[in-house]
Amino acid sequence: MPWAGCLLRRRIHWLSSAARADCACSYVGLRVFRQGLQALPWDSLHTRHVSVHDLSNHEETTMATTAAAKKPSTASAKTPSARAPATAKRQKDACDLLDADHKAVKTLFKEYASLSESRSRSTTKKRQLADQICKELTVHATIEEEIFYPAVRKAIKDNDLLNEATVEHASAKDLIAQIKGMDPADELFDAKVTVLGEYIDHHVKEERTEMFVKARASKLDLVSLAGQLQQRKDELMAEEERKAVKPVAEMAMAP
Ligand SMILES: [Fe+2]
Ligand SMILES: [Fe+2]
């Protein structure tokens with residue numbers, strides 16, 4: 001029975017292979033043996049045996065690949081491209097420039113309030129501070145009216161907001177003119193400066209919370225506008241300085 005010899009050799013070969021194989025292979029071999037699957041074609045059993053090997057290897061490979069995907073690569077984490085890009089610093093725009101003026105003049109008003117509360121009789125200091133406030137506000141209002149307001153009016157198309165701001169400027173200028181023409185010793189001088197300060201507080205609040213917000217939300221090039229505002233401010237400040245020097249020179253030349 002040559003087929004019986006052949007079958008016996010193949011079974012011996014299979015058992016020795018199963019003994020050498022890893023636990024999965026042994027498990028398959030023992031299970032097949034227990035269940036009496038000797039009747040199965042040996043080629044089919046061998047194919048199944050190989051398939052278990054392949055599956056085991058595939059699972060190990062898959063697990064290794066998944067673990068590698070989950071674990072961030074140390075090398076790539078250290079590369080500059082893996083880091084979040086640094087946020088670019090925002091360029092100063094027209095609103096920043098104007099708000100710096102608002103803060104500067106607010107400081108001057110506070111200084112004046114301290115002087116006034118101290119019951120100081122120094123009218124010279126009051127005059128100096130009041131003149132400084134008037135100069136800063138006049139230049140600020142001029143650059144807004146010449147450059148900023150027309151540009152914003154065109155960009156945001158809110159005429160009511162711009163009209164109200166312009167009327168507030170006119171009222172402030174009226175008070176400024178009164179303060180400039182008054183003697184600091186006048187009983188109402190402090191009150192005029194205080195009311196001007198309160199008036200400017202209200203106006204600035206509206207610019208900050210409405211006009212600047214709408215201007216920044218528009219397509220207006222506020223960075224370019226800041227350059228124009230600064231240039232005009234420098235010109236007007238130089239003009240104000242010349243006006244302040246002129247009366248002193250005239251007084252010196254008087255007989
Ligand atoms: Fe204004
Ligand atoms: Fe302003």
# chains A, B, ... in the order shown; residues from 1 in each chain; ligands from 1
call {"tool": "residues_near_ligand", "arguments": {"ligand": "ligand 2", "cutoff": "9 Å", "atoms": "only C-alpha atoms and all ligand atoms", "output": "list in words"}}
result
Cys95, Leu98, Asp99, Asp101, His102, Leu137, His140, Ala141, Glu144, Ala165, Ile200, His203, Val204, Glu207 and Arg208 of chain A
call {"tool": "atom_distance", "arguments": {"atom1": "atom CA of A:Ile156", "atom2": "atom CA of A:Glu210"}}
result
10.9 Å
call {"tool": "closest_residue", "arguments": {"among": "A:Ser171, A:Val105, A:Ala130, A:Ala88", "to": "A:Val193", "atoms": "only C-alpha atoms"}}
result
A:Ala130
call {"tool": "residues_around", "arguments": {"residues": "A:Leu225", "least_positions_apart": "3", "cutoff": "12 Å", "atoms": "only C-alpha atoms", "output": "list in words"}}
result
Gln91, Lys92, Asp93, Ala94, Cys95, Asp96, Leu97, Leu98, Ile143, Glu144, Glu146, Ile147, Phe148, Tyr149, Pro150, Ala151, Val152, Ala215, Arg216, Leu220, Asp221, Leu222, Gln228, Leu229, Gln230, Gln231 and Arg232 of chain A
call {"tool": "atom_distance", "arguments": {"atom1": "atom CA of A:Glu198", "atom2": "atom CA of A:Arg153"}}
result
25.4 Å
call {"tool": "atom_distance", "arguments": {"atom1": "atom CA of A:Glu235", "atom2": "atom CA of A:Val139"}}
result
9.5 Å
call {"tool": "closest_residue", "arguments": {"among": "A:Leu129, A:Leu108, A:Met211, A:Cys134", "to": "ligand 1", "atoms": "only C-alpha atoms and all ligand atoms"}}
result
A:Met211
call {"tool": "residues_around", "arguments": {"residues": "A:Gln132", "least_positions_apart": "4", "cutoff": "12 Å", "atoms": "only C-alpha atoms", "output": "list of chain:residue names"}}
result
A:Ala104, A:Val105, A:Lys106, A:Thr107, A:Leu108, A:Phe109, A:Glu111, A:Tyr112, A:Lys125, A:Lys126, A:Arg127, A:Gln128, A:Glu136, A:Leu137, A:Thr138, A:Val139, A:Ile176, A:Ile179, A:Lys180, A:Val193, A:Met237, A:Glu240, A:Glu241, A:Ala244
call {"tool": "write_last_selection", "arguments": {"atoms": "N, CA and C atoms", "output": "CSV table (one decimal), in the first residue's frame"}}
result
chain,number,residue,atom,x,y,z
A,104,ALA,N,-3.2,109.9,25.9
A,104,ALA,CA,-2.3,110.9,26.3
A,104,ALA,C,-3.1,112.1,26.9
A,105,VAL,N,-4.2,112.5,26.2
A,105,VAL,CA,-5.0,113.6,26.6
A,105,VAL,C,-5.7,113.3,27.9
A,106,LYS,N,-6.1,112.0,28.1
A,106,LYS,CA,-6.8,111.6,29.4
A,106,LYS,C,-5.8,111.8,30.6
A,107,THR,N,-4.5,111.5,30.3
A,107,THR,CA,-3.5,111.7,31.4
A,107,THR,C,-3.4,113.2,31.7
A,108,LEU,N,-3.5,114.0,30.7
A,108,LEU,CA,-3.4,115.5,31.0
A,108,LEU,C,-4.6,116.0,31.8
A,109,PHE,N,-5.8,115.5,31.4
A,109,PHE,CA,-7.0,115.8,32.2
A,109,PHE,C,-6.9,115.4,33.7
A,111,GLU,N,-4.1,115.0,35.3
A,111,GLU,CA,-3.1,115.9,36.0
A,111,GLU,C,-3.8,117.3,36.4
A,112,TYR,N,-4.6,117.7,35.4
A,112,TYR,CA,-5.3,119.0,35.7
A,112,TYR,C,-6.3,118.8,36.9
A,125,LYS,N,0.7,127.0,36.1
A,125,LYS,CA,0.7,125.6,35.8
A,125,LYS,C,-0.7,125.2,35.2
A,126,LYS,N,-1.8,125.8,35.7
A,126,LYS,CA,-3.1,125.5,35.1
A,126,LYS,C,-3.1,126.0,33.6
A,127,ARG,N,-2.5,127.1,33.4
A,127,ARG,CA,-2.5,127.7,32.0
A,127,ARG,C,-1.7,126.7,31.1
A,128,GLN,N,-0.6,126.3,31.6
A,128,GLN,CA,0.3,125.4,30.8
A,128,GLN,C,-0.5,124.1,30.5
A,136,GLU,N,-3.4,119.5,22.0
A,136,GLU,CA,-3.5,118.1,21.7
A,136,GLU,C,-4.9,117.8,21.0
A,137,LEU,N,-5.9,118.3,21.6
A,137,LEU,CA,-7.3,118.1,21.1
A,137,LEU,C,-7.5,118.7,19.8
A,138,THR,N,-7.0,119.9,19.6
A,138,THR,CA,-7.2,120.6,18.3
A,138,THR,C,-6.5,119.8,17.1
A,139,VAL,N,-5.3,119.4,17.4
A,139,VAL,CA,-4.5,118.6,16.4
A,139,VAL,C,-5.2,117.3,16.1
A,176,ILE,N,-13.0,124.6,23.8
A,176,ILE,CA,-11.6,124.9,23.7
A,176,ILE,C,-11.3,126.4,23.5
A,179,ILE,N,-11.8,128.3,26.7
A,179,ILE,CA,-10.7,128.0,27.7
A,179,ILE,C,-9.5,128.8,27.3
A,180,LYS,N,-9.2,128.9,26.0
A,180,LYS,CA,-8.0,129.6,25.5
A,180,LYS,C,-8.1,131.1,25.7
A,193,VAL,N,-12.6,123.3,32.0
A,193,VAL,CA,-11.7,122.2,31.7
A,193,VAL,C,-12.3,120.9,32.1
A,237,MET,N,1.5,119.8,14.6
A,237,MET,CA,2.2,120.0,15.9
A,237,MET,C,3.3,121.1,15.7
A,240,GLU,N,1.6,124.4,15.6
A,240,GLU,CA,1.2,124.9,16.9
A,240,GLU,C,2.4,125.4,17.7
A,241,GLU,N,3.6,124.7,17.6
A,241,GLU,CA,4.8,125.1,18.3
A,241,GLU,C,5.2,126.5,17.8
A,244,ALA,N,3.0,129.1,19.3
A,244,ALA,CA,3.3,129.3,20.8
A,244,ALA,C,4.5,130.2,21.0
call {"tool": "closest_residue", "arguments": {"among": "A:Phe189, A:Asp234, A:Ala172, A:Val245", "to": "ligand 1", "atoms": "only C-alpha atoms and all ligand atoms"}}
result
A:Ala172
call {"tool": "closest_residue", "arguments": {"among": "A:Lys233, A:Lys219, A:His169, A:Lys135", "to": "ligand 1", "atoms": "only C-alpha atoms and all ligand atoms"}}
result
A:His169
call {"tool": "closest_residue", "arguments": {"among": "A:Val167, A:Arg90, A:Lys157, A:Gly227", "to": "ligand 1", "atoms": "only C-alpha atoms and all ligand atoms"}}
result
A:Val167
